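First up is the structure itself, then whatever we jot down about it.
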Amino acid sequence: MKRLIHFGAALVITLAGSRAAHGQAKPLPSADLVKIYDRLLKQVDRIPIYDNHSHATFPDDSDMDAMASPPDESTVMRLRDSNPEFVAAAKALFGYPYDDFRPEHAKWLIEKKKAAEAAGGTAYWDSILDKMNIETCLANRVALAPYLDPKRFHWVFFVDSFLFPFDNHNLIARNGDMAVYFPLQEKVLGRYMKQEGVTGLPADLAGYEAFVRQTLADNQKKGGVAMKFEAAYFRTLFFRDPPREKAEAIYAQFHSGGAPSGDDYRTFQDYVFRVLIEQAGKLHLPVHFHSAVGIGDYFSLQNGNPLNLENVLRDPRYKDVNFVLIHGGYPYTLDMIWLTAAKNVYTDSSLMGYYVYPSELKNILKQWVSLFPEKIMFGSDAFPFNDAVGAEETFWLAARSARTAVSAALAELVAEGAFTEEKALELARLYLHDNAAKLYGEKK
């Protein structure tokens, strides 16, 4: 009996101590929130970044993307030249001596970048990564540029062009955005056909499928670590599952000429999409999707909603395919994090790092970290918006926003009693580096 009493007393003491050390999280942070944030940020700044999504490039490189910006697109406030953060970026990266981007001042910066481009070699872009403590970067490009070091920049190639092999005049006529997009998709498809020694579309669907599969395999051999869909710009992300017989009949009718009806073309696309996903699984090639707001005057938020992909992401046939939903589904960020509940679905914070300010990014990351911290990654979406505000400055803005935002999110959770500062740094490393390194098979 005494032994039972002593055991019971010890249990009470142990539980009491446990409650004292790990009590229920509070809805409001403690008074030392700012001190916790300052301590965390110092450590977070030391974490090397694995950037899951970028367009690292000089602005005149036509291989930077399989698309181009429509001429009349509107720009969010934070991406306008008037944003003083870009001046801060130029000062940090280049020692920019001015406090604005007036043309006579921006000329200094443009000439410096043009000189780096003319010099050639990989040292310039490696140095840009070094200045921001970015260890590895995935570069979304039509082809990896010779000025990008393949040890630091890993290639993600585009596959949308396989969905549009027929006469696209009806699609081009839909609006001004499509008039920009589809000629570029046709150009990429022609490039792949030349790469594979294919002259003209194959005579039957079996031949076209073989061409698609071989291109993916060859791109992987050339260094491709993932394939990318920008399909949300062209159509809905809801892909049906049509029988092969329907796709075969459509291909037979239109591979030699003629424009399919909208429904026929979509049926063919849905089938070829499934061929691409199946081949990605066989090659163990992660599949990236643009899944967020997009540029242009006619981009459909509804078509780009990541929930459209749920029937694909939850399909048992693709349980071994790793899907990465780029840009966090913004503005559908809560929907997005619940999609990552599936073991093979991931997301990143690219685009959000320069679309929204750190205070808003903090709220999104706090929600993500609180739910599935092993499924989220940093992405910059670095992109050259003009000769002055280039990929260099957007790299800097996205990285600084992410480091400060995740530090603030984690500081709030620590100050609310959710976990310790040690755990917070572990979660920061997952987001900034380790999740991506694990996904692409690299050592931490």
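So you can find residues: chains in the structure tokens are A, B, ... in the order shown, residues in each start at 1, and ligands are numbered from 1 in order.
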Any chance you could tabulate, as a Markdown table, the residues of stretch 120-175 of chain A at most 9 Å from stretch 273-290 of chain A with each one's nearest atom pair and distance in Å to one decimal, using only C-alpha atoms, in chain and rising number order?
```
| residue | atom | partner | partner_atom | distance |
| --- | --- | --- | --- | --- |
| A:Val156 | CA | A:His288 | CA | 8.6 |
| A:Val159 | CA | A:Leu276 | CA | 8.2 |
| A:Asp160 | CA | A:Phe273 | CA | 8.8 |
| A:Phe162 | CA | A:Phe273 | CA | 8.4 |
| A:Leu163 | CA | A:Phe273 | CA | 7.1 |
```
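For the pair atom CA of A:Gly379 and atom CA of A:Ala437, the interatomic distance is 12.7 Å.
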Could you give me, as number ranges by chain, the residues within 6 Å of stretch 360-363 of chain A, counting only C-alpha atoms and dropping anything in the same chain fewer than 5 positions from it? A: 405-406, 409
List the neighbours of A:Ala398 out to 7 Å using only C-alpha atoms; skip same-chain residues closer than 4 positions along the sequence, and give me the result as a list in words.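 Residues meeting the cut-off are Gly353, Tyr354, Ser380, Thr394 and Ala402 of chain A.
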Apply DSSP to the structure's backbone, then extract all residues of stretch 324-444 of chain A labelled alpha helix (DSSP H) and return them as number ranges by chain. A: 333-339, 352-355, 358-371, 391-415, 421-429, 435-439
Looking only at the backbone, which of the residues in stretch 179-260 of chain A does DSSP tag as strand (DSSP E), as a list in words?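 So, restricting stretch 179-260 of chain A to strand (DSSP E), we get Gly224, Val225, Ala226, Met227, Lys228 and Phe229 of chain A.
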Using only C-alpha atoms, which residues sit within 12 Å of A:Pro260 once same-chain residues fewer than 4 positions away are excluded, as a PyMOL selection string? chain A and resi 164-171+247+249-256+264-269
One number please: atom CA of A:Val312 to atom CA of A:Leu237, in Å, one decimal.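 So the answer is 9.8 Å.
For stretch 125-135 of chain A, the non-local neighbours within 7 Å, defined as residues at least 4 positions apart in the same chain or in other chains and counting only C-alpha atoms, are Pro48, Ile49, Tyr50, Leu93, Leu148, Arg152, Glu392 and Trp396 of chain A.
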Expected file: the selected residues, N, CA, C and O atoms, as a tab-separated table (two decimals), in the first residue's frame:
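Generated file (out.tsv):
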```tsv
chain	number	residue	atom	x	y	z
A	48	PRO	N	21.22	28.01	-43.91
A	48	PRO	CA	21.31	28.10	-45.38
A	48	PRO	C	19.97	27.75	-46.00
A	48	PRO	O	19.28	26.84	-45.55
A	49	ILE	N	19.61	28.48	-47.03
A	49	ILE	CA	18.31	28.29	-47.69
A	49	ILE	C	18.42	27.33	-48.86
A	49	ILE	O	19.39	27.36	-49.62
A	50	TYR	N	17.40	26.49	-49.00
A	50	TYR	CA	17.19	25.70	-50.21
A	50	TYR	C	15.96	26.29	-50.89
A	50	TYR	O	14.85	26.13	-50.42
A	93	LEU	N	23.21	44.21	-51.96
A	93	LEU	CA	23.84	43.30	-52.92
A	93	LEU	C	24.97	43.94	-53.71
A	93	LEU	O	25.94	43.27	-54.07
A	148	LEU	N	24.66	29.73	-65.12
A	148	LEU	CA	24.19	29.21	-63.83
A	148	LEU	C	24.96	27.95	-63.48
A	148	LEU	O	25.01	27.00	-64.28
A	152	ARG	N	24.80	24.60	-57.96
A	152	ARG	CA	23.98	25.46	-57.10
A	152	ARG	C	22.57	25.62	-57.63
A	152	ARG	O	21.61	25.77	-56.87
A	392	GLU	N	17.92	39.48	-58.94
A	392	GLU	CA	18.79	39.68	-57.78
A	392	GLU	C	18.02	40.34	-56.63
A	392	GLU	O	18.06	39.88	-55.48
A	396	TRP	N	16.54	38.81	-52.93
A	396	TRP	CA	16.82	39.43	-51.63
A	396	TRP	C	15.52	39.72	-50.87
A	396	TRP	O	15.42	39.42	-49.68
```
Extract, using only C-alpha atoms, all DNA, RNA and protein residues at most 9 Å from A:Asn52, discarding same-chain residues fewer than 6 positions from it, and format them as a ChimeraX atom specification. /A:136-139,326,348-350,377-381,436
